[in-house]
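The structure file run.pdb is reproduced below (PDB, C-alpha atoms, pLDDT in the B column).
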```pdb
ATOM      1  CA  MET G   1      82.605 124.254  96.439  1.00 73.00           C
ATOM      2  CA  THR G   2      80.142 125.803  98.851  1.00 83.00           C
ATOM      3  CA  ASP G   3      78.362 123.332 101.133  1.00 93.00           C
ATOM      4  CA  PRO G   4      75.802 121.452  98.976  1.00 95.00           C
ATOM      5  CA  ARG G   5      73.051 121.547 101.634  1.00 94.00           C
ATOM      6  CA  THR G   6      73.490 125.333 101.929  1.00 95.00           C
ATOM      7  CA  ILE G   7      73.121 125.671  98.149  1.00 96.00           C
ATOM      8  CA  LEU G   8      69.940 123.560  98.142  1.00 95.00           C
ATOM      9  CA  THR G   9      68.460 125.541 101.038  1.00 94.00           C
ATOM     10  CA  GLN G  10      69.183 128.844  99.307  1.00 95.00           C
ATOM     11  CA  ALA G  11      67.663 127.549  96.051  1.00 95.00           C
ATOM     12  CA  ARG G  12      64.490 126.440  97.863  1.00 93.00           C
ATOM     13  CA  GLN G  13      64.112 129.738  99.723  1.00 92.00           C
ATOM     14  CA  GLY G  14      65.333 132.090  96.952  1.00 88.00           C
ATOM     15  CA  PRO G  15      66.520 134.405  95.640  1.00 94.00           C
ATOM     16  CA  VAL G  16      69.625 132.856  94.082  1.00 96.00           C
ATOM     17  CA  PRO G  17      72.620 134.393  92.282  1.00 96.00           C
ATOM     18  CA  ALA G  18      72.021 135.181  88.601  1.00 95.00           C
ATOM     19  CA  ASP G  19      74.597 132.610  87.478  1.00 95.00           C
ATOM     20  CA  TRP G  20      72.759 129.675  89.110  1.00 97.00           C
ATOM     21  CA  ARG G  21      70.313 127.475  87.206  1.00 97.00           C
ATOM     22  CA  VAL G  22      67.583 125.944  89.372  1.00 97.00           C
ATOM     23  CA  PHE G  23      65.281 123.115  88.271  1.00 96.00           C
ATOM     24  CA  THR G  24      62.458 121.827  90.445  1.00 93.00           C
ATOM     25  CA  LYS G  25      59.210 119.963  90.066  1.00 88.00           C
ATOM     26  CA  LYS G  26      56.326 118.949  92.260  1.00 79.00           C
ATOM     27  CA  ARG G  27      56.433 115.471  93.700  1.00 66.00           C
ATOM     28  CA  GLY G  28      53.294 113.577  92.709  1.00 61.00           C
ATOM     29  CA  LYS G  29      51.040 112.898  95.696  1.00 59.00           C
ATOM     30  CA  VAL G  30      50.245 109.308  94.730  1.00 51.00           C
ATOM     31  CA  SER G  31      53.783 108.350  93.698  1.00 54.00           C
ATOM     32  CA  GLY G  32      55.182 110.108  96.776  1.00 47.00           C
ATOM     33  CA  PHE G  33      52.790 108.183  99.003  1.00 47.00           C
ATOM     34  CA  LEU G  34      53.579 104.830  97.366  1.00 50.00           C
ATOM     35  CA  ARG G  35      57.330 105.430  97.621  1.00 55.00           C
ATOM     36  CA  GLY G  36      57.141 106.816 101.125  1.00 52.00           C
ATOM     37  CA  THR G  37      58.540 110.183 100.032  1.00 50.00           C
ATOM     38  CA  SER G  38      55.406 112.342 100.229  1.00 58.00           C
ATOM     39  CA  GLU G  39      56.825 114.335 103.160  1.00 66.00           C
ATOM     40  CA  ASP G  40      60.180 114.932 101.425  1.00 73.00           C
ATOM     41  CA  PRO G  41      60.933 118.272  99.740  1.00 84.00           C
ATOM     42  CA  ASN G  42      60.398 118.359  95.980  1.00 89.00           C
ATOM     43  CA  PRO G  43      63.225 117.191  93.697  1.00 92.00           C
ATOM     44  CA  LEU G  44      65.757 119.946  93.030  1.00 95.00           C
ATOM     45  CA  LEU G  45      68.739 120.368  90.708  1.00 97.00           C
ATOM     46  CA  VAL G  46      71.001 123.390  91.177  1.00 98.00           C
ATOM     47  CA  ILE G  47      73.791 124.192  88.738  1.00 98.00           C
ATOM     48  CA  THR G  48      76.293 126.776  89.938  1.00 97.00           C
ATOM     49  CA  PRO G  49      79.579 128.049  88.462  1.00 96.00           C
ATOM     50  CA  GLU G  50      81.340 125.490  90.713  1.00 96.00           C
ATOM     51  CA  GLY G  51      79.242 122.403  89.973  1.00 97.00           C
ATOM     52  CA  ALA G  52      75.883 120.692  90.210  1.00 98.00           C
ATOM     53  CA  ILE G  53      73.917 119.392  93.191  1.00 98.00           C
ATOM     54  CA  GLU G  54      70.792 117.267  92.895  1.00 97.00           C
ATOM     55  CA  TYR G  55      68.321 116.237  95.575  1.00 94.00           C
ATOM     56  CA  LYS G  56      65.835 113.478  94.674  1.00 91.00           C
ATOM     57  CA  ASP G  57      64.484 112.378  98.068  1.00 87.00           C
ATOM     58  CA  GLU G  58      65.630 111.552 101.588  1.00 85.00           C
ATOM     59  CA  ARG G  59      66.317 107.911 100.679  1.00 86.00           C
ATOM     60  CA  LYS G  60      68.938 108.759  98.051  1.00 90.00           C
ATOM     61  CA  PRO G  61      72.232 110.542  98.666  1.00 93.00           C
ATOM     62  CA  LEU G  62      72.800 113.921  97.043  1.00 95.00           C
ATOM     63  CA  THR G  63      74.405 113.842  93.622  1.00 96.00           C
ATOM     64  CA  ILE G  64      77.317 116.278  93.713  1.00 97.00           C
ATOM     65  CA  ILE G  65      79.486 117.131  90.711  1.00 97.00           C
ATOM     66  CA  ASN G  66      82.373 119.459  91.562  1.00 97.00           C
ATOM     67  CA  PHE G  67      83.700 121.107  88.387  1.00 97.00           C
ATOM     68  CA  TYR G  68      87.132 121.614  90.002  1.00 96.00           C
ATOM     69  CA  GLU G  69      87.567 117.813  90.095  1.00 97.00           C
ATOM     70  CA  LEU G  70      86.805 117.308  86.395  1.00 97.00           C
ATOM     71  CA  ALA G  71      89.362 117.135  83.594  1.00 96.00           C
ATOM     72  CA  ASP G  72      86.790 117.033  80.793  1.00 96.00           C
ATOM     73  CA  ILE G  73      83.178 116.317  79.885  1.00 98.00           C
ATOM     74  CA  THR G  74      81.556 114.926  76.735  1.00 98.00           C
ATOM     75  CA  LEU G  75      77.905 115.313  75.788  1.00 97.00           C
ATOM     76  CA  LYS G  76      76.463 111.984  74.613  1.00 97.00           C
ATOM     77  CA  ALA G  77      73.150 110.957  73.083  1.00 94.00           C
ATOM     78  CA  ALA G  78      71.506 107.804  71.787  1.00 93.00           C
ATOM     79  CA  ALA G  79      68.189 107.308  70.034  1.00 91.00           C
ATOM     80  CA  SER G  80      66.108 104.162  70.004  1.00 90.00           C
ATOM     81  CA  THR G  81      63.033 103.227  68.043  1.00 86.00           C
ATOM     82  CA  SER G  82      60.572 100.392  68.090  1.00 81.00           C
ATOM     83  CA  SER G  83      59.036  98.667  65.094  1.00 79.00           C
ATOM     84  CA  SER G  84      55.532  99.549  66.281  1.00 82.00           C
ATOM     85  CA  SER G  85      56.124 103.309  66.425  1.00 78.00           C
ATOM     86  CA  SER G  86      57.431 106.047  64.182  1.00 81.00           C
ATOM     87  CA  PHE G  87      58.785 107.929  67.196  1.00 85.00           C
ATOM     88  CA  ALA G  88      62.324 107.763  68.520  1.00 85.00           C
ATOM     89  CA  THR G  89      63.275 107.964  72.176  1.00 87.00           C
ATOM     90  CA  LEU G  90      66.266 110.191  72.809  1.00 88.00           C
ATOM     91  CA  SER G  91      68.551 109.551  75.763  1.00 92.00           C
ATOM     92  CA  VAL G  92      71.051 112.286  76.627  1.00 94.00           C
ATOM     93  CA  TRP G  93      73.803 112.253  79.264  1.00 96.00           C
ATOM     94  CA  VAL G  94      77.226 113.703  80.025  1.00 97.00           C
ATOM     95  CA  ASP G  95      80.336 111.545  80.312  1.00 98.00           C
ATOM     96  CA  LEU G  96      82.597 112.883  83.069  1.00 98.00           C
ATOM     97  CA  ARG G  97      86.350 112.363  83.165  1.00 98.00           C
ATOM     98  CA  TYR G  98      87.917 113.290  86.485  1.00 97.00           C
ATOM     99  CA  SER G  99      91.429 114.655  86.985  1.00 96.00           C
ATOM    100  CA  ASP G 100      92.448 111.385  88.681  1.00 97.00           C
ATOM    101  CA  GLY G 101      91.498 109.433  85.535  1.00 96.00           C
ATOM    102  CA  THR G 102      88.231 107.964  86.791  1.00 98.00           C
ATOM    103  CA  LYS G 103      85.138 108.200  84.603  1.00 98.00           C
ATOM    104  CA  ALA G 104      81.446 108.526  85.370  1.00 97.00           C
ATOM    105  CA  LYS G 105      78.181 109.146  83.592  1.00 97.00           C
ATOM    106  CA  TRP G 106      75.907 112.025  84.661  1.00 96.00           C
ATOM    107  CA  ARG G 107      72.246 112.155  83.915  1.00 95.00           C
ATOM    108  CA  SER G 108      69.891 113.911  86.246  1.00 94.00           C
ATOM    109  CA  THR G 109      67.828 111.508  88.310  1.00 91.00           C
ATOM    110  CA  SER G 110      64.731 113.706  88.385  1.00 92.00           C
ATOM    111  CA  PHE G 111      65.260 115.834  85.271  1.00 94.00           C
ATOM    112  CA  ALA G 112      66.673 113.319  82.755  1.00 91.00           C
ATOM    113  CA  ASP G 113      64.232 114.430  80.041  1.00 87.00           C
ATOM    114  CA  ASN G 114      64.840 118.132  80.645  1.00 93.00           C
ATOM    115  CA  LEU G 115      67.282 119.149  77.918  1.00 94.00           C
ATOM    116  CA  GLN G 116      67.570 122.649  79.428  1.00 96.00           C
ATOM    117  CA  ALA G 117      69.059 121.070  82.560  1.00 96.00           C
ATOM    118  CA  ILE G 118      71.685 119.240  80.501  1.00 96.00           C
ATOM    119  CA  GLN G 119      72.377 122.393  78.480  1.00 96.00           C
ATOM    120  CA  GLY G 120      72.749 124.367  81.720  1.00 97.00           C
ATOM    121  CA  PHE G 121      75.247 121.815  83.022  1.00 98.00           C
ATOM    122  CA  VAL G 122      77.344 121.922  79.830  1.00 97.00           C
ATOM    123  CA  GLU G 123      77.262 125.738  79.703  1.00 97.00           C
ATOM    124  CA  ALA G 124      78.227 126.103  83.362  1.00 97.00           C
ATOM    125  CA  TYR G 125      81.125 123.677  82.957  1.00 97.00           C
ATOM    126  CA  GLY G 126      82.315 125.499  79.837  1.00 96.00           C
ATOM    127  CA  ALA G 127      82.234 128.845  81.658  1.00 95.00           C
ATOM    128  CA  HIS G 128      84.058 127.282  84.611  1.00 95.00           C
ATOM    129  CA  LYS G 129      86.845 125.974  82.382  1.00 94.00           C
ATOM    130  CA  ALA G 130      87.138 129.303  80.558  1.00 93.00           C
ATOM    131  CA  LEU G 131      87.440 131.196  83.857  1.00 90.00           C
ATOM    132  CA  GLN G 132      90.080 128.721  85.047  1.00 87.00           C
ATOM    133  CA  GLY G 133      92.077 129.254  81.850  1.00 78.00           C
ATOM    134  CA  ARG G 134      91.837 125.550  80.929  1.00 59.00           C
ATOM    135  CA  TYR G 135      90.305 125.959  77.460  1.00 55.00           C
TER
END
```
As structure tokens - that is how I would like this structure written.
Amino acid sequence: MTDPRTILTQARQGPVPADWRVFTKKRGKVSGFLRGTSEDPNPLLVITPEGAIEYKDERKPLTIINFYELADITLKAAASTSSSSSFATLSVWVDLRYSDGTKAKWRSTSFADNLQAIQGFVEAYGAHKALQGRY
């Protein structure tokens, strides 16, 4: 995988390759001030054909998922309701199973409610596996 910091820099400065998916959002001024992150770059998630890199802020390490290290992924979802509301809250994540047998759960830190980000991750992984002849 290309250096994650290089990928983030290229995504911030643009343009990016057509097969990258880039998700960003503005950091709120008040919440950034209260958390001490107002001077940090905005949150950024970049999904490439090789994996996903997410930057939340300078206090948290980068989240790096290298598709070459994965054996399989499974899309998961759970809905919850409360008795006082007719609405359901949907939680979506991806279970990761690595080639060494370890397991992890991936849900974007900054874009957890962005279903396009999760779809982009699943699509990119599927294309990666197909190109590697592992489907």
Length of the atom CA of G:Asp100 to atom CA of G:Val122 vector [Å]: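 Those two atoms sit 20.4 Å apart.
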The PyMOL selection byres ((chain G and resi 1) around 12) resolved against shown file, as a PyMOL selection string: chain G and resi 2-7+47-53+64-69
Would you kindly return, as a list in words, each protein, DNA or RNA residue with an atom no farther than 8 Å from any atom of G:Lys56, considering all atoms listed in the file and excluding same-chain residues fewer than 5 positions away?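 Surrounding residues, per the criterion: Asn42, Pro43, Leu44, Leu62, Thr109 and Ser110 of chain G.
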Matched chain/residue IDs from the PyMOL selection byres ((chain G and resi 77) around 8), as a list in words: Leu75, Lys76, Ala78, Ala79, Leu90, Ser91, Val92 and Trp93 of chain G
Explicit residue set for the PyMOL selection byres ((chain G and resi 57) around 7), as a PyMOL selection string: chain G and resi 37+40+43+55-56+58-60
Using C-alpha atoms, can you write the selected residues to a file as a PDB file, keeping the file's coordinate frame?
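Output saved as out32.pdb:
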```
ATOM      1  CA  THR G  37      58.540 110.183 100.032  1.00 50.00           C
ATOM      2  CA  ASP G  40      60.180 114.932 101.425  1.00 73.00           C
ATOM      3  CA  PRO G  43      63.225 117.191  93.697  1.00 92.00           C
ATOM      4  CA  TYR G  55      68.321 116.237  95.575  1.00 94.00           C
ATOM      5  CA  LYS G  56      65.835 113.478  94.674  1.00 91.00           C
ATOM      6  CA  GLU G  58      65.630 111.552 101.588  1.00 85.00           C
ATOM      7  CA  ARG G  59      66.317 107.911 100.679  1.00 86.00           C
ATOM      8  CA  LYS G  60      68.938 108.759  98.051  1.00 90.00           C
TER       9      LYS G  60
END
```
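Relative to atom CA of G:Phe87, atom CA of G:Trp106 is found at 24.8 Å.
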Tell me, in Å to one decimal, how far atom CA of G:Gln119 is from atom CA of G:Val22.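 According to the coordinates, atom CA of G:Gln119 and atom CA of G:Val22 are separated by 12.4 Å.
For the residues G:Leu70, G:Glu54, G:Gln10, G:Arg21, ranking by smallest atom-to-atom distance to G:Ala112 using all atoms listed in the file places G:Glu54 first.
With distances restricted to only C-alpha atoms, G:Asp19 is the closest residue to G:Gly120 from G:Asp95, G:Thr74, G:Asp19, G:Lys105.
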